[in-house]
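Enquirer: Starting off with a structure, shown below.
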Amino acid sequence: MKTKNSGRLSPSAQEEVRKRAVQAVLSGQTQRAVARTTGVSEHAMSKWMISYRLFGEEGLNANPRGRPEGGGRLAPEDGKRIAKIVVENTPEKVGLSGYWLWTRDAVGELINMNYGVDYSRSSIGRLLRRNNLTPQKPAKRAIQQNPKAVEQWLEVDYPAIRKLAQAENAEILWGDECGFRSDHQTGTTYGLRGQTPVIPSQGNRFSCNMISAISNYGSLYFRVFTCRFTSQVFIDFLRRLSRQIGQNGKKAFLIVDNHSAHKSKAVKKWLGKHHKEIRVYYLPGYSPEFNPDEYLNNDVKSNAVGRIHAADRDELENTVRSYLRSTQKYPNIVKAFFNADFVKYARI
């Protein structure tokens, strides 16, 4: 299958070379070996395999030479295919190793790689908008996350917890911890173009911490503290939480992440003595996006801590505590944290 000067071949002959090369890789040969035999670069061979994975054999078909009809524009169906690739893949996954996020430049390279058409950045923006794609801040997902564990949680574990809570008259709560620093800042300010505004701030850094729990009924429980988060701090919160929930004649089912303090021997021993009042369940590892209480953390950071310049730790603590007490008075605000896509499964 040795093919020298493949660039001089007719489009149909080049198409045949691509298809035979891809089939050779699919039959078990390495891309490097097939590239050497075919007489093309390893980069070209890699592009052929990416096109095949994305489009099947159709992705290996010869493109018409010369300037495409319509001033170099893609057909509507091709624009939809590009949009589908962007939604379902990362740039690295389709061979664009120089990009981490889908920018207009990255999409332009994708179009050129698959269709041989050069698009301006403004044209790429219009193409993406036509296909309902807008620039957004992406949610992060840890590479250590186990998809099977997540599926088990969403389809088996949590439905079982909810069913048990109904049977035992228990209130399901979602808990988490969060730290706040004096130098945290949210928002922007106006200034002269090209000159970064400077605002005064405390030279000394200080912080405080919060542990909280929320329910999809709008309940909010919290404690603000300055010491390090330990098993004993968690046990103290569990004790207070079970007492408050118990006043309503209910048990507490608390769902938290896999922090070491949540699963320590001391915590397990304490829970063993109080299993009639409170139980603790654990989210899949590296899956904070499935915890509604994360949205409370972000709310406090953005709308309380980030909009003040606390003079000292006491002021920072008081700001956090005051904001949380205010939030407790508005259950609908807490309920709204369960509207985010990743946590809709936890809604009532």
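Quick note on naming: the chains in the structure tokens go A, B, ... in the order shown, residues restart at 1 in each chain, and ligands are numbered from 1 in order of appearance.
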Residues at most 10 Å from segment 283-285 of chain A, counting only C-alpha atoms, excluding those fewer than 2 positions away in the same chain, as an mmCIF file with N, CA and C atoms, in the first residue's frame?
Expert:
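File produced: around-v8.cif:
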```
data_model
loop_
_atom_site.group_PDB
_atom_site.id
_atom_site.type_symbol
_atom_site.label_atom_id
_atom_site.label_comp_id
_atom_site.auth_asym_id
_atom_site.auth_seq_id
_atom_site.Cartn_x
_atom_site.Cartn_y
_atom_site.Cartn_z
ATOM 1 N N ALA A 142 -14.078 16.475 37.944
ATOM 2 C CA ALA A 142 -12.791 15.851 38.239
ATOM 3 C C ALA A 142 -12.584 14.612 37.371
ATOM 4 N N GLN A 144 -11.004 12.133 38.179
ATOM 5 C CA GLN A 144 -11.054 10.943 39.027
ATOM 6 C C GLN A 144 -12.478 10.446 39.247
ATOM 7 N N GLN A 145 -13.481 11.230 38.829
ATOM 8 C CA GLN A 145 -14.864 10.832 39.060
ATOM 9 C C GLN A 145 -15.175 9.528 38.333
ATOM 10 N N ASN A 146 -15.878 8.640 39.018
ATOM 11 C CA ASN A 146 -16.244 7.340 38.466
ATOM 12 C C ASN A 146 -17.665 7.408 37.905
ATOM 13 N N PRO A 147 -17.829 7.369 36.580
ATOM 14 C CA PRO A 147 -19.172 7.481 35.995
ATOM 15 C C PRO A 147 -20.126 6.397 36.483
ATOM 16 N N LYS A 148 -19.615 5.189 36.708
ATOM 17 C CA LYS A 148 -20.486 4.100 37.176
ATOM 18 C C LYS A 148 -20.981 4.378 38.588
ATOM 19 N N ALA A 149 -20.100 4.947 39.429
ATOM 20 C CA ALA A 149 -20.521 5.289 40.789
ATOM 21 C C ALA A 149 -21.577 6.389 40.764
ATOM 22 N N VAL A 150 -21.418 7.360 39.860
ATOM 23 C CA VAL A 150 -22.410 8.431 39.719
ATOM 24 C C VAL A 150 -23.754 7.859 39.263
ATOM 25 N N GLU A 151 -23.715 6.978 38.283
ATOM 26 C CA GLU A 151 -24.944 6.345 37.796
ATOM 27 C C GLU A 151 -25.622 5.545 38.905
ATOM 28 N N GLN A 152 -24.817 4.827 39.692
ATOM 29 C CA GLN A 152 -25.345 4.064 40.820
ATOM 30 C C GLN A 152 -26.028 4.985 41.827
ATOM 31 N N TRP A 153 -25.403 6.146 42.066
ATOM 32 C CA TRP A 153 -25.969 7.102 43.021
ATOM 33 C C TRP A 153 -27.297 7.666 42.518
ATOM 34 N N LEU A 154 -27.330 8.082 41.260
ATOM 35 C CA LEU A 154 -28.518 8.742 40.722
ATOM 36 C C LEU A 154 -29.683 7.779 40.520
ATOM 37 N N ASP A 157 -28.908 4.470 44.579
ATOM 38 C CA ASP A 157 -28.645 4.837 45.969
ATOM 39 C C ASP A 157 -29.568 5.951 46.469
ATOM 40 N N TYR A 158 -29.605 7.079 45.740
ATOM 41 C CA TYR A 158 -30.423 8.180 46.241
ATOM 42 C C TYR A 158 -31.914 7.847 46.236
ATOM 43 N N TRP A 174 -28.597 18.142 52.855
ATOM 44 C CA TRP A 174 -27.348 18.094 52.102
ATOM 45 C C TRP A 174 -26.357 19.022 52.789
ATOM 46 N N ILE A 255 -26.599 14.049 53.814
ATOM 47 C CA ILE A 255 -25.764 13.596 52.694
ATOM 48 C C ILE A 255 -24.590 14.548 52.552
ATOM 49 N N VAL A 256 -23.365 14.009 52.588
ATOM 50 C CA VAL A 256 -22.153 14.822 52.517
ATOM 51 C C VAL A 256 -21.158 14.172 51.557
ATOM 52 N N ASP A 257 -20.017 14.861 51.349
ATOM 53 C CA ASP A 257 -18.983 14.295 50.489
ATOM 54 C C ASP A 257 -18.077 13.371 51.306
ATOM 55 N N ASN A 258 -16.960 12.986 50.706
ATOM 56 C CA ASN A 258 -16.089 11.991 51.329
ATOM 57 C C ASN A 258 -14.903 12.600 52.077
ATOM 58 N N HIS A 259 -15.068 13.781 52.638
ATOM 59 C CA HIS A 259 -14.023 14.389 53.461
ATOM 60 C C HIS A 259 -13.629 13.431 54.587
ATOM 61 N N TYR A 281 -25.022 9.788 54.881
ATOM 62 C CA TYR A 281 -24.779 9.091 53.617
ATOM 63 C C TYR A 281 -23.748 9.884 52.817
ATOM 64 N N SER A 287 -17.491 14.373 43.287
ATOM 65 C CA SER A 287 -18.756 14.746 42.627
ATOM 66 C C SER A 287 -19.466 15.892 43.340
ATOM 67 N N PRO A 288 -18.780 17.019 43.574
ATOM 68 C CA PRO A 288 -19.429 18.129 44.279
ATOM 69 C C PRO A 288 -20.609 18.723 43.527
ATOM 70 N N PHE A 290 -23.103 17.368 42.404
ATOM 71 C CA PHE A 290 -24.374 16.731 42.755
ATOM 72 C C PHE A 290 -24.837 17.083 44.162
ATOM 73 N N ASN A 291 -24.164 18.046 44.788
ATOM 74 C CA ASN A 291 -24.535 18.481 46.134
ATOM 75 C C ASN A 291 -25.158 19.871 46.067
#
```
Enquirer: For Lys251 of chain A, work out the shell of residues within 6 Å, counting only C-alpha atoms and skipping chain neighbours fewer than 6 positions away, then give it as a list in words.
Expert: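 That gives Ala170, Glu277 and Ile278 of chain A.
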Enquirer: Could you write those residues out with N, CA and C atoms, as a short mmCIF file (atom, residue, chain, number, x, y, z; two decimals), in the first residue's frame?
Expert:
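The resulting file, again.cif, is shown below:
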```cif
data_model
loop_
_atom_site.label_atom_id
_atom_site.label_comp_id
_atom_site.auth_asym_id
_atom_site.auth_seq_id
_atom_site.Cartn_x
_atom_site.Cartn_y
_atom_site.Cartn_z
N ALA A 170 -38.12 10.84 57.96
CA ALA A 170 -36.83 11.53 58.08
C ALA A 170 -36.76 12.68 57.09
N GLU A 277 -31.52 8.88 65.63
CA GLU A 277 -31.81 10.30 65.42
C GLU A 277 -31.25 10.83 64.10
N ILE A 278 -30.11 10.31 63.68
CA ILE A 278 -29.46 10.87 62.49
C ILE A 278 -28.61 9.81 61.79
#
```
Enquirer: Pick the closest to Leu238 of chain A from A:Arg279, A:Arg193, A:Lys263, A:Lys93: which is it, counting only C-alpha atoms?
Expert: A:Arg279
Enquirer: I need the residues of segment 29-204 of chain A that end up classed as strand (DSSP E) by DSSP on the backbone, written out as a list in words.
Expert: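 DSSP-assigned strand (DSSP E) residues in segment 29-204 of chain A: Ala170, Glu171, Ile172, Leu173, Trp174, Gly175, Asp176, Glu177, Cys178, Gly179, Phe180 and Arg181 of chain A.
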Enquirer: Excluding same-chain residues fewer than 4 positions from Val25 of chain A, what lies within 10 Å of it counting only C-alpha atoms, as a list in words?
Expert: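 Here the answer would be Arg20, Ala21, Gln29, Thr30, Gln31, Arg32, Ala33, Val34, Ala35, Met45 and Met49 of chain A.
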Enquirer: Those same residues, written as a compact mmCIF listing (two decimals), in the first residue's frame with N, CA and C atoms?
Expert:
```txt
# COMPACT_ATOMS: atom_id res chain seq x y z
N ARG A 20 -8.34 2.91 2.91
CA ARG A 20 -7.52 1.70 3.10
C ARG A 20 -6.63 1.85 4.33
N ALA A 21 -6.11 3.06 4.55
CA ALA A 21 -5.24 3.28 5.70
C ALA A 21 -6.02 3.12 7.01
N GLN A 29 -3.20 -2.78 13.01
CA GLN A 29 -1.90 -2.17 12.82
C GLN A 29 -1.84 -0.82 13.54
N THR A 30 -0.64 -0.38 13.88
CA THR A 30 -0.48 0.91 14.55
C THR A 30 -0.58 2.04 13.53
N GLN A 31 -0.98 3.21 14.00
CA GLN A 31 -1.06 4.37 13.11
C GLN A 31 0.31 4.71 12.53
N ARG A 32 1.36 4.57 13.35
CA ARG A 32 2.70 4.88 12.88
C ARG A 32 3.11 3.97 11.74
N ALA A 33 2.83 2.67 11.89
CA ALA A 33 3.20 1.70 10.85
C ALA A 33 2.43 1.96 9.56
N VAL A 34 1.14 2.26 9.69
CA VAL A 34 0.32 2.50 8.49
C VAL A 34 0.76 3.79 7.82
N ALA A 35 1.08 4.81 8.60
CA ALA A 35 1.54 6.07 8.02
C ALA A 35 2.82 5.86 7.23
N MET A 45 -2.23 10.86 9.36
CA MET A 45 -2.89 9.61 9.72
C MET A 45 -3.81 9.81 10.93
N MET A 49 -8.00 9.32 11.26
CA MET A 49 -8.67 8.50 12.27
C MET A 49 -9.70 9.34 13.05
```
Enquirer: One decimal, in Å: what's the spacing between atom CA of Arg121 of chain A and atom CA of Gly108 of chain A?
Expert: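 Result for atom CA of Arg121 of chain A versus atom CA of Gly108 of chain A: 7.4 Å, one decimal.
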Enquirer: For the atom pair atom CA of Ile333 of chain A and atom CA of Asn297 of chain A, what is the interatomic distance in Å to one decimal place?
Expert: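 We find that atom CA of Ile333 of chain A and atom CA of Asn297 of chain A lie 13.0 Å from each other.
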Enquirer: For the helix (DSSP H, G or I) assignment from backbone DSSP, which residues of segment 95-138 of chain A qualify? Please present them as a list in words.
Expert: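 Here are the helix (DSSP H, G or I) residues of segment 95-138 of chain A: Arg104, Asp105, Ala106, Val107, Gly108, Glu109, Leu110, Ile111, Asn112, Met113, Asn114, Tyr115, Arg121, Ser122, Ser123, Ile124, Gly125, Arg126, Leu127, Leu128, Arg129 and Arg130 of chain A.
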Enquirer: Dump C-alpha atoms for the selected residues as a compact mmCIF listing (two decimals), in the first residue's frame?
Expert:
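What ended up in selection-v5.txt:
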```
# COMPACT_ATOMS: atom_id res chain seq x y z
CA ARG A 104 -13.84 30.53 17.80
CA ASP A 105 -10.25 29.85 16.73
CA ALA A 106 -10.57 26.22 17.83
CA VAL A 107 -13.85 25.82 15.95
CA GLY A 108 -12.23 27.43 12.90
CA GLU A 109 -9.46 24.83 12.95
CA LEU A 110 -12.04 22.08 13.32
CA ILE A 111 -13.89 23.35 10.25
CA ASN A 112 -10.70 23.64 8.23
CA MET A 113 -9.53 20.19 9.31
CA ASN A 114 -12.73 18.49 8.21
CA TYR A 115 -13.96 20.64 5.31
CA ARG A 121 -13.86 34.63 13.60
CA SER A 122 -17.03 36.67 13.08
CA SER A 123 -18.40 34.07 10.64
CA ILE A 124 -17.65 31.31 13.14
CA GLY A 125 -19.55 33.26 15.79
CA ARG A 126 -22.58 33.54 13.50
CA LEU A 127 -22.42 29.84 12.63
CA LEU A 128 -22.38 28.89 16.31
CA ARG A 129 -25.26 31.22 17.14
CA ARG A 130 -27.32 29.80 14.28
```
Enquirer: Just to confirm, what's the straight-line distance from atom CA of Val300 of chain A to atom CA of Thr134 of chain A in Å (one decimal)?
Expert: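 These atoms are spaced 27.4 Å apart.
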Enquirer: Contacts of Asn204 of chain A at 12 Å or less, counting only C-alpha atoms, minus same-chain residues fewer than 6 places along, as a PyMOL selection string?
Expert: chain A and resi 181-183+309-313
Enquirer: Can you write just those residues out, N, CA and C atoms, as a short mmCIF file (atom, residue, chain, number, x, y, z; two decimals), in the first residue's frame?
Expert:
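Wrote part_7.cif, looks like this:
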```cif
data_model
loop_
_atom_site.label_atom_id
_atom_site.label_comp_id
_atom_site.auth_asym_id
_atom_site.auth_seq_id
_atom_site.Cartn_x
_atom_site.Cartn_y
_atom_site.Cartn_z
N ARG A 181 -12.21 33.87 52.83
CA ARG A 181 -11.01 34.67 53.09
C ARG A 181 -11.30 36.14 52.91
N SER A 182 -10.55 36.95 53.64
CA SER A 182 -10.77 38.39 53.60
C SER A 182 -10.43 39.00 52.25
N ASP A 183 -9.58 38.33 51.46
CA ASP A 183 -9.17 38.90 50.17
C ASP A 183 -10.02 38.38 49.01
N HIS A 309 -15.37 44.63 52.40
CA HIS A 309 -13.97 44.59 52.78
C HIS A 309 -13.92 44.59 54.31
N ALA A 310 -13.99 43.39 54.88
CA ALA A 310 -14.02 43.27 56.33
C ALA A 310 -12.74 43.81 56.95
N ALA A 311 -12.90 44.56 58.03
CA ALA A 311 -11.74 45.14 58.70
C ALA A 311 -10.99 44.10 59.53
N ASP A 312 -11.73 43.10 60.03
CA ASP A 312 -11.09 42.07 60.84
C ASP A 312 -11.92 40.80 60.77
N ARG A 313 -11.45 39.78 61.47
CA ARG A 313 -12.13 38.49 61.41
C ARG A 313 -13.53 38.56 61.99
#
```
Enquirer: Just the residues within 12 Å of Val280 of chain A, please, counting only C-alpha atoms, with nothing from its chain fewer than 5 positions along; format it as a PDB file with N, CA and C atoms, in the first residue's frame.
Expert:
```pdb
ATOM      1  N   ILE A 161     -32.515   6.054  49.387  1.00  0.00           N
ATOM      2  CA  ILE A 161     -32.479   6.937  50.558  1.00  0.00           C
ATOM      3  C   ILE A 161     -33.790   7.700  50.679  1.00  0.00           C
ATOM      4  N   ALA A 170     -38.119  10.839  57.963  1.00  0.00           N
ATOM      5  CA  ALA A 170     -36.833  11.532  58.077  1.00  0.00           C
ATOM      6  C   ALA A 170     -36.758  12.679  57.086  1.00  0.00           C
ATOM      7  N   GLU A 171     -36.029  13.722  57.462  1.00  0.00           N
ATOM      8  CA  GLU A 171     -35.800  14.863  56.579  1.00  0.00           C
ATOM      9  C   GLU A 171     -34.422  14.718  55.938  1.00  0.00           C
ATOM     10  N   ILE A 172     -34.367  14.750  54.608  1.00  0.00           N
ATOM     11  CA  ILE A 172     -33.094  14.624  53.886  1.00  0.00           C
ATOM     12  C   ILE A 172     -32.439  15.996  53.808  1.00  0.00           C
ATOM     13  N   LEU A 173     -31.173  16.051  54.218  1.00  0.00           N
ATOM     14  CA  LEU A 173     -30.414  17.301  54.174  1.00  0.00           C
ATOM     15  C   LEU A 173     -29.112  17.061  53.433  1.00  0.00           C
ATOM     16  N   TRP A 174     -28.597  18.142  52.855  1.00  0.00           N
ATOM     17  CA  TRP A 174     -27.348  18.094  52.102  1.00  0.00           C
ATOM     18  C   TRP A 174     -26.357  19.022  52.789  1.00  0.00           C
ATOM     19  N   GLY A 175     -25.214  18.491  53.186  1.00  0.00           N
ATOM     20  CA  GLY A 175     -24.267  19.268  53.958  1.00  0.00           C
ATOM     21  C   GLY A 175     -22.937  19.478  53.258  1.00  0.00           C
ATOM     22  N   ALA A 213     -26.184  22.850  56.213  1.00  0.00           N
ATOM     23  CA  ALA A 213     -27.020  21.781  55.663  1.00  0.00           C
ATOM     24  C   ALA A 213     -28.331  22.399  55.207  1.00  0.00           C
ATOM     25  N   PHE A 234     -17.411  18.386  63.258  1.00  0.00           N
ATOM     26  CA  PHE A 234     -18.498  17.732  62.523  1.00  0.00           C
ATOM     27  C   PHE A 234     -19.469  17.062  63.487  1.00  0.00           C
ATOM     28  N   ILE A 235     -18.946  16.380  64.517  1.00  0.00           N
ATOM     29  CA  ILE A 235     -19.806  15.724  65.499  1.00  0.00           C
ATOM     30  C   ILE A 235     -20.668  16.752  66.215  1.00  0.00           C
ATOM     31  N   LEU A 238     -23.428  17.649  63.950  1.00  0.00           N
ATOM     32  CA  LEU A 238     -24.403  16.556  63.876  1.00  0.00           C
ATOM     33  C   LEU A 238     -25.297  16.554  65.116  1.00  0.00           C
ATOM     34  N   LEU A 241     -27.697  19.416  64.830  1.00  0.00           N
ATOM     35  CA  LEU A 241     -28.629  19.180  63.724  1.00  0.00           C
ATOM     36  C   LEU A 241     -29.694  18.165  64.129  1.00  0.00           C
ATOM     37  N   SER A 242     -29.269  17.067  64.741  1.00  0.00           N
ATOM     38  CA  SER A 242     -30.235  16.040  65.145  1.00  0.00           C
ATOM     39  C   SER A 242     -31.198  16.580  66.198  1.00  0.00           C
ATOM     40  N   LYS A 251     -36.405  12.312  62.019  1.00  0.00           N
ATOM     41  CA  LYS A 251     -35.005  11.935  61.964  1.00  0.00           C
ATOM     42  C   LYS A 251     -34.310  12.816  60.932  1.00  0.00           C
ATOM     43  N   ALA A 252     -32.985  12.810  60.957  1.00  0.00           N
ATOM     44  CA  ALA A 252     -32.200  13.554  59.965  1.00  0.00           C
ATOM     45  C   ALA A 252     -31.381  12.580  59.139  1.00  0.00           C
ATOM     46  N   PHE A 253     -31.514  12.670  57.822  1.00  0.00           N
ATOM     47  CA  PHE A 253     -30.654  11.936  56.894  1.00  0.00           C
ATOM     48  C   PHE A 253     -29.750  12.977  56.229  1.00  0.00           C
ATOM     49  N   LEU A 254     -28.471  12.989  56.568  1.00  0.00           N
ATOM     50  CA  LEU A 254     -27.547  14.000  56.052  1.00  0.00           C
ATOM     51  C   LEU A 254     -26.650  13.393  54.977  1.00  0.00           C
ATOM     52  N   ILE A 255     -26.599  14.049  53.814  1.00  0.00           N
ATOM     53  CA  ILE A 255     -25.764  13.596  52.694  1.00  0.00           C
ATOM     54  C   ILE A 255     -24.590  14.548  52.552  1.00  0.00           C
ATOM     55  N   VAL A 256     -23.365  14.009  52.588  1.00  0.00           N
ATOM     56  CA  VAL A 256     -22.153  14.822  52.517  1.00  0.00           C
ATOM     57  C   VAL A 256     -21.158  14.172  51.557  1.00  0.00           C
ATOM     58  N   ASP A 257     -20.017  14.861  51.349  1.00  0.00           N
ATOM     59  CA  ASP A 257     -18.983  14.295  50.489  1.00  0.00           C
ATOM     60  C   ASP A 257     -18.077  13.371  51.306  1.00  0.00           C
ATOM     61  N   ASN A 258     -16.960  12.986  50.706  1.00  0.00           N
ATOM     62  CA  ASN A 258     -16.089  11.991  51.329  1.00  0.00           C
ATOM     63  C   ASN A 258     -14.903  12.600  52.077  1.00  0.00           C
ATOM     64  N   HIS A 262     -15.575  13.426  57.758  1.00  0.00           N
ATOM     65  CA  HIS A 262     -16.930  12.865  57.698  1.00  0.00           C
ATOM     66  C   HIS A 262     -16.931  11.359  57.961  1.00  0.00           C
ATOM     67  N   LYS A 263     -15.804  10.708  57.713  1.00  0.00           N
ATOM     68  CA  LYS A 263     -15.765   9.238  57.769  1.00  0.00           C
ATOM     69  C   LYS A 263     -14.783   8.732  58.814  1.00  0.00           C
ATOM     70  N   VAL A 267     -16.392   9.796  64.235  1.00  0.00           N
ATOM     71  CA  VAL A 267     -17.715  10.105  63.683  1.00  0.00           C
ATOM     72  C   VAL A 267     -18.556   8.839  63.582  1.00  0.00           C
ATOM     73  N   LYS A 268     -17.966   7.769  63.088  1.00  0.00           N
ATOM     74  CA  LYS A 268     -18.709   6.512  62.951  1.00  0.00           C
ATOM     75  C   LYS A 268     -19.151   5.984  64.311  1.00  0.00           C
ATOM     76  N   TRP A 270     -19.767   7.827  67.011  1.00  0.00           N
ATOM     77  CA  TRP A 270     -20.842   8.689  67.487  1.00  0.00           C
ATOM     78  C   TRP A 270     -22.152   8.368  66.771  1.00  0.00           C
ATOM     79  N   LEU A 271     -22.071   8.179  65.449  1.00  0.00           N
ATOM     80  CA  LEU A 271     -23.274   7.862  64.677  1.00  0.00           C
ATOM     81  C   LEU A 271     -23.869   6.531  65.110  1.00  0.00           C
ATOM     82  N   GLY A 272     -23.013   5.580  65.460  1.00  0.00           N
ATOM     83  CA  GLY A 272     -23.508   4.292  65.913  1.00  0.00           C
ATOM     84  C   GLY A 272     -24.362   4.404  67.166  1.00  0.00           C
ATOM     85  N   HIS A 274     -26.151   7.105  67.870  1.00  0.00           N
ATOM     86  CA  HIS A 274     -27.282   8.014  67.623  1.00  0.00           C
ATOM     87  C   HIS A 274     -27.981   7.710  66.295  1.00  0.00           C
ATOM     88  N   HIS A 275     -27.914   6.452  65.868  1.00  0.00           N
ATOM     89  CA  HIS A 275     -28.481   6.110  64.553  1.00  0.00           C
ATOM     90  C   HIS A 275     -30.003   6.266  64.511  1.00  0.00           C
TER      91      HIS A 275
END
```
Enquirer: Please provide the set of residues having any atom within 9 Å of Arg321 of chain A, restricted to only C-alpha atoms, with same-chain residues fewer than 5 positions apart removed, written as a list in words.
Expert: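 In the requested format, the answer is Met210, Phe222, Arg223, Val224, Leu316 and Ser326 of chain A.
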Enquirer: Include N, CA and C atoms and write out the residues we just selected as a CSV table (one decimal), in the first residue's frame.
Expert:
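The result, stored in part.csv:
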```
chain,number,residue,atom,x,y,z
A,210,MET,N,-17.4,27.8,57.5
A,210,MET,CA,-18.9,27.5,57.7
A,210,MET,C,-19.2,26.1,57.4
A,222,PHE,N,-26.8,26.0,60.0
A,222,PHE,CA,-25.4,26.3,59.8
A,222,PHE,C,-24.7,26.6,61.1
A,223,ARG,N,-23.3,26.6,61.0
A,223,ARG,CA,-22.5,27.0,62.1
A,223,ARG,C,-21.3,27.7,61.5
A,224,VAL,N,-20.9,28.9,62.0
A,224,VAL,CA,-19.7,29.6,61.5
A,224,VAL,C,-18.6,29.4,62.6
A,316,LEU,N,-15.9,39.8,59.4
A,316,LEU,CA,-16.1,38.8,58.4
A,316,LEU,C,-17.1,37.7,58.9
A,326,SER,N,-30.4,35.8,57.4
A,326,SER,CA,-31.3,36.4,56.5
A,326,SER,C,-31.9,35.4,55.5
```
Enquirer: Considering only C-alpha atoms, can you say which of A:Val17, A:Val94, A:Leu220, A:Cys178 comes closest to Arg53 of chain A?
Expert: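 For Arg53 of chain A, the nearest of the given residues is A:Val94.
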Enquirer: Which one is closest to His184 of chain A: A:Leu60, A:Ile85, A:Leu164, A:Ala304? Count only C-alpha atoms.
Expert: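 Among the listed residues, A:Ala304 lies closest to His184 of chain A.
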Enquirer: For Tyr345 of chain A, which residue among A:Gly179, A:Pro159, A:Gly246, A:Gly218 is the nearest when counting only C-alpha atoms?
Expert: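 Of A:Gly179, A:Pro159, A:Gly246, A:Gly218, the one nearest Tyr345 of chain A, counting only C-alpha atoms, is A:Pro159.
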